[in-house]
Structure formats: structure tokens, C-alpha cells
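Okay, query.txt now, which holds compact mmCIF, C-alpha atoms:
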```
# COMPACT_ATOMS: atom_id res chain seq x y z
CA MET A 1023 0.00 0.00 0.00
CA THR A 1024 1.38 3.38 -0.98
CA GLY A 1025 -0.54 5.52 1.51
CA THR A 1026 -1.93 7.67 -1.29
CA LEU A 1027 -5.06 7.73 -3.40
CA PHE A 1028 -3.22 9.17 -6.39
CA GLU A 1029 -2.83 6.71 -9.24
CA PRO A 1030 0.85 6.90 -10.27
CA GLN A 1031 1.62 7.87 -13.83
CA LEU A 1032 3.99 5.24 -15.26
CA PRO A 1033 4.16 5.89 -19.02
CA TYR A 1034 7.50 4.21 -19.74
CA ALA A 1035 6.68 0.50 -20.03
CA GLY A 1036 4.89 0.61 -16.68
CA THR A 1037 7.59 2.72 -14.98
CA SER A 1038 8.26 6.41 -14.35
CA GLY A 1039 11.39 6.16 -16.50
CA TRP A 1040 15.08 6.78 -15.91
CA SER A 1041 18.05 8.49 -17.54
CA GLY A 1042 19.76 5.38 -18.85
CA SER A 1043 22.26 4.48 -16.15
CA GLN A 1044 21.89 1.39 -13.98
CA THR A 1045 21.76 3.48 -10.80
CA SER A 1046 19.06 5.70 -12.29
CA GLU A 1047 17.04 2.65 -13.30
CA GLU A 1048 17.36 1.12 -9.82
CA ARG A 1049 16.30 4.39 -8.18
CA ALA A 1050 13.25 4.74 -10.45
CA LEU A 1051 12.08 1.16 -10.04
CA ASP A 1052 12.46 1.40 -6.27
CA ALA A 1053 10.53 4.69 -6.17
CA ASP A 1054 7.76 3.21 -8.32
CA LYS A 1055 7.53 0.06 -6.17
CA THR A 1056 7.55 1.81 -2.77
CA GLY A 1057 4.99 4.49 -3.67
CA LYS A 1058 7.47 7.37 -3.68
CA THR A 1059 6.70 8.11 -7.34
CA SER A 1060 2.99 8.31 -6.56
CA ARG A 1061 3.55 10.54 -3.52
CA ASN A 1062 5.84 12.88 -5.47
CA GLN A 1063 3.38 13.14 -8.34
CA GLU A 1064 0.51 13.77 -5.95
CA GLU A 1065 2.50 16.47 -4.13
CA THR A 1066 3.33 18.10 -7.46
CA MET A 1067 -0.33 18.16 -8.47
CA ARG A 1068 -1.30 19.59 -5.07
CA LEU A 1069 1.32 22.35 -5.33
CA LEU A 1070 0.30 23.19 -8.89
CA ALA A 1071 -3.31 23.53 -7.72
CA TRP A 1072 -2.16 25.76 -4.86
CA VAL A 1073 -0.11 28.15 -7.05
CA GLY A 1074 -2.82 28.19 -9.72
CA PHE A 1075 -2.32 30.49 -12.71
CA ASP A 1076 1.36 31.18 -11.87
CA GLY A 1077 2.38 27.53 -12.21
CA LEU A 1078 5.78 26.15 -11.27
CA THR A 1079 9.17 25.63 -12.86
CA TRP A 1080 11.33 22.63 -11.94
CA SER A 1081 13.49 24.99 -9.88
CA GLU A 1082 10.54 26.36 -7.92
CA LEU A 1083 9.21 22.85 -7.33
CA SER A 1084 12.65 21.80 -6.03
CA THR A 1085 12.79 24.80 -3.72
CA MET A 1086 9.34 24.06 -2.31
CA THR A 1087 9.92 20.34 -1.82
CA GLY A 1088 13.66 20.01 -1.28
CA TRP A 1089 13.85 17.57 -4.21
CA HIS A 1090 16.86 17.16 -6.49
CA HIS A 1091 16.60 18.65 -9.99
CA GLY A 1092 16.12 15.20 -11.51
CA THR A 1093 13.22 14.35 -9.22
CA SER A 1094 11.38 17.62 -9.89
CA SER A 1095 12.08 17.68 -13.60
CA GLY A 1096 11.22 14.01 -14.02
CA CYS A 1097 7.98 14.35 -12.10
CA LEU A 1098 6.87 17.36 -14.17
CA SER A 1099 7.87 15.62 -17.41
CA VAL A 1100 5.91 12.45 -16.63
CA LEU A 1101 2.82 14.42 -15.59
CA HIS A 1102 3.12 16.44 -18.81
CA LYS A 1103 3.60 13.29 -20.91
CA THR A 1104 0.45 11.78 -19.42
CA ARG A 1105 -1.45 15.05 -19.93
CA LYS A 1106 -2.14 15.62 -16.25
CA ILE A 1107 -0.50 19.05 -16.62
CA VAL A 1108 0.55 21.37 -19.45
CA ARG A 1109 3.79 23.20 -20.16
CA LEU A 1110 3.50 26.84 -21.17
CA VAL A 1111 5.52 28.37 -24.00
CA GLU A 1112 6.40 31.26 -21.68
CA ARG A 1113 9.33 30.86 -19.31
CA ARG A 1114 10.35 32.23 -15.95
CA ASN A 1115 14.02 32.59 -14.99
CA ARG A 1116 14.97 30.64 -18.13
CA CYS A 1117 12.81 27.67 -17.04
CA LYS A 1118 9.62 26.27 -18.53
CA ILE A 1119 6.45 26.79 -16.52
CA TYR A 1120 3.99 23.96 -15.84
CA VAL A 1121 0.35 24.47 -14.82
CA LEU A 1122 -2.77 22.42 -14.35
CA GLN A 1123 -4.85 22.43 -17.55
CA GLU A 1124 -7.54 24.61 -15.96
CA PHE A 1125 -4.98 27.34 -15.28
CA ALA A 1126 -3.62 27.59 -18.84
CA HIS A 1127 -6.30 30.26 -19.60
CA GLY A 1128 -5.69 30.35 -23.35
CA ARG A 1129 -1.94 30.81 -23.05
CA ASP A 1130 0.22 29.03 -25.60
CA ILE A 1131 1.24 25.55 -24.50
CA GLU A 1132 3.89 23.18 -25.80
CA PRO A 1133 3.30 19.60 -26.87
CA GLN A 1134 5.07 16.92 -24.87
CA GLY A 1135 8.19 15.35 -26.28
CA ARG A 1136 11.24 16.38 -28.20
CA THR A 1137 11.44 17.40 -31.82
CA SER A 1138 14.46 15.95 -33.55
CA LYS A 1139 15.85 17.37 -36.77
CA THR A 1140 14.48 14.37 -38.63
CA ASN A 1141 10.97 15.27 -37.45
CA ALA A 1142 11.38 19.04 -37.97
CA ARG A 1143 8.95 20.63 -40.41
CA CYS A 1144 9.18 23.77 -42.52
CA GLU A 1145 6.81 26.38 -41.09
CA SER A 1146 5.95 27.58 -44.61
CA CYS A 1147 5.24 24.35 -46.47
CA GLY A 1148 5.08 21.66 -43.77
CA GLY A 1149 7.76 19.59 -45.48
CA GLY A 1150 10.53 17.77 -43.65
CA ILE A 1151 13.74 19.66 -42.95
```
What is this structure when it is put down as C-alpha cells?
Amino acid sequence: MTGTLFEPQLPYAGTSGWSGSQTSEERALDADKTGKTSRNQEETMRLLAWVGFDGLTWSELSTMTGWHHGTSSGCLSVLHKTRKIVRLVERRNRCKIYVLQEFAHGRDIEPQGRTSKTNARCESCGGGI
């Protein structure tokens, strides 16, 4: 039992994902198994609801929670990937801002994921670059 009612978001083959190293994988799998992932995601959602329209950057989330950059950034990324939150185009202190969907208020948002050069499209014609 995780001690939380929040259903963890585990979009990477049933996990919260990791950076590629063995230690990162072990940390992620342990966090997923023990409920830490769920608790961190739930806390992030709670804090995003509390700050409302202003949203949070990874840095602000880390300051509020005491989490390492990787924990905050990873949590925000997974919640964005699973569409629990949105990432605004605007930035604060050179960091992307994340908000709950209901606080986007028509501001421009970014799709989740990376755009590689092979997937880049010409803004004029839509052709591959």
C-alpha cells in the first residue's frame, strides 16, 4: 500500500522512466515500487493547484519540496507526458512553466516530447527539414 489515493503515472513500459544508467534505473524502479513516485506526483499536483495560474518551474518545485533537480524535472515531465498538466511556452528565470490544464487560460502551451531534426517541419510548407 502506498498511503496515497493518487494513481501513479507510469508511461514508460509501466515505470516512471530513468536516464539510462543502472543506478538511475534502480532508483526509479524502487521509487515506483515503494509508492514514492505516486507521492511525489501527488504532491506536485497539489502544489500546482495551490499556485494556480502562476504555475511552477522545476526549480521552484525543487525549492518548495527540497527535491533534487532530476526528481522535480522528471515528475513534471511524466505528468506532462500523461497530460495531467501542461507546459507553457512562456518561461520564468529561463525555465519552462507547468500548470494544471484549468490554469492555462488560453496561453500558448507546448506539446510533450522532443522534436528531432528528422521530425522538424518547414513552417511555410510543412515539409521535412
Residue neighbourhood Leu1032 of chain A, 9 Å, only C-alpha atoms, exclusion window fewer than 4 positions, as a ChimeraX atom specification: /A:1036-1039,1054,1059,1100,1104
Pick from A:Gln1134, A:Ser1099, A:Gln1031, A:Gln1044 nearest to Ser1060 of chain A, counting only C-alpha atoms: A:Gln1031
Sel. within 12 Å of pt (3.2, 26.0, -13.8), counting all atoms listed in the file, output as a PyMOL selection string: chain A and resi 1066-1083+1098-1099+1101-1102+1106-1114+1117-1127+1129+1131
Between atom CA of Cys1097 of chain A and atom CA of Gln1063 of chain A, distance in Å (one decimal): 6.1 Å
Using the file's own x, y and z axes, what box holds all listed atoms of segment 1103-1115 of chain A with 5 Å on each side, keeping edges along x, y and z, and what are its centre and edge lengths in Å to one decimal, as JSON?
```
{"center_x": 5.9, "center_y": 22.2, "center_z": -19.5, "size_x": 26.2, "size_y": 30.8, "size_z": 19.0}
```
